[in-house]
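Written below as structure tokens is the structure these notes are about.
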Amino acid sequence: LSAAAAGRSTLIAGNWKMHKLAVEARSYVAELRALLEGSMQPPNEQVQVVICPPFTALHAAAEAAHGSRISIFAQNMHQEPEGAFTGEVSAAMLLEAGASGVLLGHSERRAHFGESDRALALKIPAAFSAGLRPVLCVGESEEQRSAGETERTLRHQVGEALAQVSADQLAEVVIAYEPLWAIGTGNVAEADQIQEAGSFIRALLAARSPAAAERAHVLYGGSVSERNAAEIVQLEDVDGLLVGGASLQPARFAAIVAAAG
Ligand code: 13P
């Protein structure tokens, strides 16, 4: 079933990566709020808006977003509640800063910081127990796609990371499909490639729980812009977008939110 037919909301998330100071986050959120609240159309309640600032700007962004339709998610988290883990941040710390969800397993963390499927298998349940909504990021490299290993890669990433998640929680999972070759390249995936991967990911969830698969959100990320957002978000197995570069300016991100509604 399509998102609307299955009653799934649309989730538009902006991943700022390592951009913006707290002071910039505050003015960005104020501007985005004004754009969303000032638009001529009444807000589409079915479209959820999420911003993922760096740790140091979470609190400022959350304060500025208070009472609006904008939710604040973090970009990473450690799986343990506390301990000798220098430089890491726990779920409770994110909640205290005002986050209500967290990106986990972004390809940049996998490629540059040793993020592993084994750690993700602990991080996802830890996020759930703390009351944070996890967004698991998955996606194949260009080499894996040309070797015909896209499905094998996705099956492995989804299977490992969600192994310990109950069927109930599975329905609350957000999976962001971000093919590595489309991230930051301007080379957005073709609509049929996105739909194929989205439907494959949903089938993986359905093998665990058909009911959960109908409720879980599958997002697309990789060179999303205000020009291609509307086409991608209407695909049957796409329930939203994870936007990098184009989320850094409030006007561009607001245009993407509008395209999704
Ligand atoms: P771009 O939108 O800049 O390609 O980044 C996508 C991404 O990695 C979002 O998490």
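Letters A, B, ... go to the chains of the structure tokens in the order shown; residues in each chain start at 1; ligands are counted from 1 in the same order.
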Distance table requested - chain A against ligand 1, cut-off 6 Å, only C-alpha atoms and all ligand atoms: one row per qualifying residue with the closest atom pair and its distance in Å to one decimal, ordered by chain and rising residue number, as a tab-separated table.
residue	atom	partner	partner_atom_place_in_ligand_line	distance
A:Asn15	CA	ligand 1	10 (O)	5.2
A:Ile183	CA	ligand 1	4 (O)	3.6
A:Gly184	CA	ligand 1	4 (O)	3.5
A:Gly221	CA	ligand 1	6 (C)	5.0
A:Gly222	CA	ligand 1	4 (O)	3.9
A:Ser223	CA	ligand 1	4 (O)	3.5
A:Val224	CA	ligand 1	2 (O)	5.1
A:Leu242	CA	ligand 1	9 (C)	5.0
A:Val243	CA	ligand 1	2 (O)	4.3
A:Gly244	CA	ligand 1	2 (O)	3.4
A:Gly245	CA	ligand 1	3 (O)	3.8
Could you find all residues in range 71-208 of chain A that DSSP calls strand (DSSP E) from the backbone, and write them as a list in words?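 Here is the list: Ser71, Ile72, Phe73, Ala74, Gly101, Val102, Leu103, Leu104, Arg133, Pro134, Val135, Leu136, Cys137, Val138, Val174, Ile175, Ala176 and Tyr177 of chain A.
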Okay, now the selection with C-alpha atoms, as an mmCIF file, in the first residue's frame?
data_model
loop_
_atom_site.group_PDB
_atom_site.id
_atom_site.type_symbol
_atom_site.label_atom_id
_atom_site.label_comp_id
_atom_site.auth_asym_id
_atom_site.auth_seq_id
_atom_site.Cartn_x
_atom_site.Cartn_y
_atom_site.Cartn_z
ATOM 1 C CA SER A 71 11.072 18.044 15.886
ATOM 2 C CA ILE A 72 14.763 17.829 16.690
ATOM 3 C CA PHE A 73 16.746 14.610 16.153
ATOM 4 C CA ALA A 74 20.447 13.965 16.861
ATOM 5 C CA GLY A 101 14.911 10.953 17.776
ATOM 6 C CA VAL A 102 18.333 10.028 16.429
ATOM 7 C CA LEU A 103 19.964 9.127 13.111
ATOM 8 C CA LEU A 104 21.901 5.880 13.417
ATOM 9 C CA ARG A 133 12.833 7.451 17.624
ATOM 10 C CA PRO A 134 15.665 5.768 15.690
ATOM 11 C CA VAL A 135 16.291 6.479 11.997
ATOM 12 C CA LEU A 136 18.449 3.656 10.643
ATOM 13 C CA CYS A 137 20.414 4.699 7.559
ATOM 14 C CA VAL A 138 21.265 2.026 4.986
ATOM 15 C CA VAL A 174 12.335 4.718 10.339
ATOM 16 C CA ILE A 175 14.692 3.389 7.678
ATOM 17 C CA ALA A 176 16.454 5.898 5.441
ATOM 18 C CA TYR A 177 17.617 4.429 2.152
#
Would you please work out which residue, of A:Glu149, A:Glu108, A:Gly139, A:Glu80, is nearest to Ala127 in chain A when using only C-alpha atoms?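 Residue with the minimum atom-to-atom distance to Ala127 in chain A: A:Glu80.
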Close residues, Ser247 in chain A itself excluded, 8 Å, only C-alpha atoms, min 5 positions apart in chain, as a list in words: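 Contacts, in chain order: Gly14, Asn15, Trp16, Arg252 and Phe253 of chain A.
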Selection: 6 Å around range 9-13 of chain A, only C-alpha atoms, excl. self and same-chain fewer than 4 positions, as a list in words: Gln46, Val47, Gln48, Val49, Val50, Ile51, Asp239, Gly240, Leu241 and Leu242 of chain A
Same residues, C-alpha atoms, saved as an mmCIF file, in the first residue's frame:
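Below you can see part-v8.cif, which holds the result:
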data_model
loop_
_atom_site.group_PDB
_atom_site.id
_atom_site.type_symbol
_atom_site.label_atom_id
_atom_site.label_comp_id
_atom_site.auth_asym_id
_atom_site.auth_seq_id
_atom_site.Cartn_x
_atom_site.Cartn_y
_atom_site.Cartn_z
ATOM 1 C CA GLN A 46 0.432 14.416 7.731
ATOM 2 C CA VAL A 47 3.868 15.943 7.096
ATOM 3 C CA GLN A 48 6.297 15.728 10.030
ATOM 4 C CA VAL A 49 9.280 18.089 9.930
ATOM 5 C CA VAL A 50 12.575 17.066 11.550
ATOM 6 C CA ILE A 51 15.922 18.851 11.851
ATOM 7 C CA ASP A 239 7.334 7.922 3.203
ATOM 8 C CA GLY A 240 9.653 10.879 3.344
ATOM 9 C CA LEU A 241 13.084 12.315 2.684
ATOM 10 C CA LEU A 242 16.425 12.698 4.445
#
With DSSP run on the backbone, what are the helix (DSSP H, G or I) residues within range 20-218 of chain A? I'd like them as a PyMOL selection string. chain A and resi 22-38+55-65+91-97+107-112+117-130+142-146+150-161+167-170+180-182+191-208+210-215
Residue nearest Ser68 in chain A among A:Glu236, A:Glu37, A:Glu82, A:Glu45 (counting only C-alpha atoms): A:Glu37
Residues within 10 Å of Phe55 in chain A, only C-alpha atoms, excluding chain neighbours under 2 positions, as number ranges by chain: A: 18, 21-22, 52-53, 57-59, 73-77, 89, 93-94, 97, 99
Keeping all heavy atoms, export the residues of the selection given above as a short mmCIF file (atom, residue, chain, number, x, y, z; two decimals), in the first residue's frame.
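And here is the file that came out, selection.cif:
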data_model
loop_
_atom_site.label_atom_id
_atom_site.label_comp_id
_atom_site.auth_asym_id
_atom_site.auth_seq_id
_atom_site.Cartn_x
_atom_site.Cartn_y
_atom_site.Cartn_z
N MET A 18 28.02 18.22 9.90
CA MET A 18 28.82 19.08 10.79
C MET A 18 28.74 20.53 10.32
O MET A 18 29.72 21.11 9.85
CB MET A 18 30.27 18.60 10.87
CG MET A 18 31.01 19.16 12.08
SD MET A 18 32.65 18.45 12.30
CE MET A 18 33.58 19.23 10.99
N LEU A 21 26.62 26.58 14.09
CA LEU A 21 26.81 26.84 15.52
C LEU A 21 25.43 26.94 16.16
O LEU A 21 24.43 27.07 15.46
CB LEU A 21 27.56 28.16 15.71
CG LEU A 21 28.91 28.25 14.99
CD1 LEU A 21 29.49 29.67 15.15
CD2 LEU A 21 29.87 27.21 15.56
N ALA A 22 25.40 26.92 17.49
CA ALA A 22 24.12 27.03 18.20
C ALA A 22 23.40 28.32 17.81
O ALA A 22 22.18 28.32 17.60
CB ALA A 22 24.36 26.98 19.70
N CYS A 52 18.07 17.72 12.12
CA CYS A 52 19.11 16.99 12.85
C CYS A 52 20.37 17.84 12.94
O CYS A 52 21.27 17.75 12.09
CB CYS A 52 19.44 15.67 12.15
SG CYS A 52 18.01 14.68 11.71
N PRO A 53 20.49 18.69 13.98
CA PRO A 53 21.69 19.51 14.15
C PRO A 53 22.81 18.70 14.82
O PRO A 53 22.55 17.64 15.38
CB PRO A 53 21.23 20.63 15.09
CG PRO A 53 19.76 20.42 15.32
CD PRO A 53 19.47 19.00 14.99
N ALA A 57 24.38 22.02 19.00
CA ALA A 57 23.30 22.94 18.64
C ALA A 57 21.92 22.35 18.95
O ALA A 57 20.90 22.99 18.68
CB ALA A 57 23.40 23.31 17.16
N LEU A 58 21.89 21.14 19.53
CA LEU A 58 20.59 20.49 19.78
C LEU A 58 19.71 21.33 20.69
O LEU A 58 18.53 21.55 20.42
CB LEU A 58 20.78 19.10 20.41
CG LEU A 58 21.25 17.97 19.49
CD1 LEU A 58 21.54 16.72 20.33
CD2 LEU A 58 20.22 17.69 18.41
N HIS A 59 20.30 21.77 21.79
CA HIS A 59 19.50 22.48 22.79
C HIS A 59 18.94 23.79 22.23
O HIS A 59 17.75 24.08 22.39
CB HIS A 59 20.34 22.74 24.05
CG HIS A 59 19.56 23.36 25.15
ND1 HIS A 59 18.54 22.70 25.79
CD2 HIS A 59 19.62 24.59 25.70
CE1 HIS A 59 18.01 23.50 26.71
NE2 HIS A 59 18.66 24.67 26.66
N PHE A 73 16.10 15.92 16.01
CA PHE A 73 16.75 14.61 16.15
C PHE A 73 18.26 14.82 16.18
O PHE A 73 18.76 15.76 15.55
CB PHE A 73 16.43 13.69 14.96
CG PHE A 73 15.04 13.09 14.94
CD1 PHE A 73 13.99 13.59 15.72
CD2 PHE A 73 14.76 12.01 14.10
CE1 PHE A 73 12.71 13.04 15.68
CE2 PHE A 73 13.49 11.44 14.06
CZ PHE A 73 12.46 11.95 14.84
N ALA A 74 18.98 13.92 16.86
CA ALA A 74 20.45 13.96 16.86
C ALA A 74 20.99 13.15 15.68
O ALA A 74 20.23 12.51 14.96
CB ALA A 74 20.97 13.42 18.19
N GLN A 75 22.31 13.18 15.50
CA GLN A 75 22.93 12.51 14.34
C GLN A 75 23.63 11.21 14.70
O GLN A 75 24.09 10.48 13.81
CB GLN A 75 23.94 13.44 13.67
CG GLN A 75 23.33 14.71 13.13
CD GLN A 75 24.38 15.67 12.58
OE1 GLN A 75 25.53 15.30 12.36
NE2 GLN A 75 23.98 16.91 12.35
N ASN A 76 23.77 10.93 16.00
CA ASN A 76 24.45 9.71 16.45
C ASN A 76 24.26 9.60 17.96
O ASN A 76 23.83 10.56 18.61
CB ASN A 76 25.94 9.78 16.12
CG ASN A 76 26.68 8.51 16.51
OD1 ASN A 76 26.15 7.40 16.43
ND2 ASN A 76 27.92 8.67 16.96
N MET A 77 24.59 8.43 18.50
CA MET A 77 24.40 8.18 19.93
C MET A 77 25.23 6.96 20.32
O MET A 77 25.42 6.07 19.50
CB MET A 77 22.91 7.86 20.11
CG MET A 77 22.42 7.60 21.48
SD MET A 77 20.78 6.79 21.36
CE MET A 77 21.28 5.06 21.42
N VAL A 89 28.12 10.30 23.48
CA VAL A 89 26.92 10.93 24.03
C VAL A 89 25.82 9.87 24.15
O VAL A 89 25.61 9.09 23.22
CB VAL A 89 26.48 12.11 23.12
CG1 VAL A 89 25.14 12.66 23.52
CG2 VAL A 89 27.53 13.22 23.14
N MET A 93 21.30 11.89 27.42
CA MET A 93 21.88 13.22 27.16
C MET A 93 21.19 13.90 25.98
O MET A 93 20.95 15.11 25.99
CB MET A 93 23.39 13.09 26.89
CG MET A 93 24.17 12.64 28.11
SD MET A 93 25.86 12.17 27.65
CE MET A 93 26.44 11.52 29.23
N LEU A 94 20.86 13.11 24.97
CA LEU A 94 20.16 13.66 23.80
C LEU A 94 18.75 14.13 24.19
O LEU A 94 18.31 15.21 23.78
CB LEU A 94 20.06 12.62 22.69
CG LEU A 94 21.38 12.11 22.12
CD1 LEU A 94 21.12 11.13 20.98
CD2 LEU A 94 22.24 13.27 21.65
N ALA A 97 18.86 17.33 25.98
CA ALA A 97 19.14 18.45 25.09
C ALA A 97 17.93 18.83 24.25
O ALA A 97 17.95 19.84 23.56
CB ALA A 97 20.34 18.12 24.20
N ALA A 99 16.25 16.44 22.06
CA ALA A 99 16.04 15.59 20.88
C ALA A 99 14.93 14.59 21.16
O ALA A 99 14.75 14.12 22.29
CB ALA A 99 17.33 14.84 20.54
#
For Phe200 in chain A, the nearest of the candidates A:Ala182, A:Leu154, A:Ile232, A:Ala260, counting only C-alpha atoms: A:Leu154
Write out as a ChimeraX atom specification each polymer residue whose atoms come within 12 Å of Gln144 in chain A, counting only C-alpha atoms; drop sequence neighbours fewer than 3 positions from it. /A:139-141,147-154,179-181
In Å, how far is it from CA of Ser107 in chain A to CA of Glu178 in chain A? 8.0 Å
How close does each residue of range 112-195 of chain A get to range 202-212 of chain A, giving the shortest atom pair and distance in Å to one decimal for every residue with an atom at most 12 Å away, counting only C-alpha atoms, sorted by chain and residue number, as CSV?
residue,atom,partner,partner_atom,distance
A:Glu151,CA,A:Leu204,CA,10.1
A:Arg152,CA,A:Leu204,CA,11.2
A:Leu154,CA,A:Leu204,CA,9.0
A:Arg155,CA,A:Leu204,CA,7.0
A:His156,CA,A:Leu204,CA,10.2
A:Gln157,CA,A:Leu204,CA,10.7
A:Val158,CA,A:Leu204,CA,7.7
A:Gly159,CA,A:Leu204,CA,7.9
A:Glu160,CA,A:Leu204,CA,11.7
A:Ala161,CA,A:Leu205,CA,11.9
A:Leu162,CA,A:Leu205,CA,9.3
A:Ala163,CA,A:Arg208,CA,9.8
A:Gln164,CA,A:Arg208,CA,11.5
A:Val165,CA,A:Arg208,CA,10.1
A:Ser166,CA,A:Arg208,CA,9.2
A:Ala167,CA,A:Ser209,CA,6.1
A:Asp168,CA,A:Ala212,CA,6.9
A:Gln169,CA,A:Ala212,CA,8.1
A:Leu170,CA,A:Ala212,CA,5.7
A:Ala171,CA,A:Ala212,CA,4.0
A:Glu172,CA,A:Ala212,CA,7.8
A:Val173,CA,A:Ala212,CA,8.9
A:Val174,CA,A:Arg202,CA,10.8
A:Ile175,CA,A:Arg202,CA,9.3
A:Ala176,CA,A:Arg202,CA,11.4
A:Tyr177,CA,A:Arg202,CA,11.0
A:Gln195,CA,A:Arg202,CA,10.4
I'd like the contact shell of Ala30 in chain A - 9 Å cut-off, only C-alpha atoms, skipping same-chain residues fewer than 6 positions apart - returned as a compact mmCIF listing (two decimals) with C-alpha atoms, in the first residue's frame.
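The file below, part-v6.txt, is the result:
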# COMPACT_ATOMS: atom_id res chain seq x y z
CA ALA A 61 17.42 24.25 18.08
CA ALA A 64 13.69 27.64 19.12
CA ALA A 65 11.39 24.85 17.86
Between A:Asp117, A:Glu24, A:Asp192, A:Glu214, single out the one closest to Ser2 in chain A, counting only C-alpha atoms. A:Glu214
Can you tell me how far CA of Arg33 in chain A sits from CA of Ile70 in chain A, in Å to one decimal? 7.7 Å
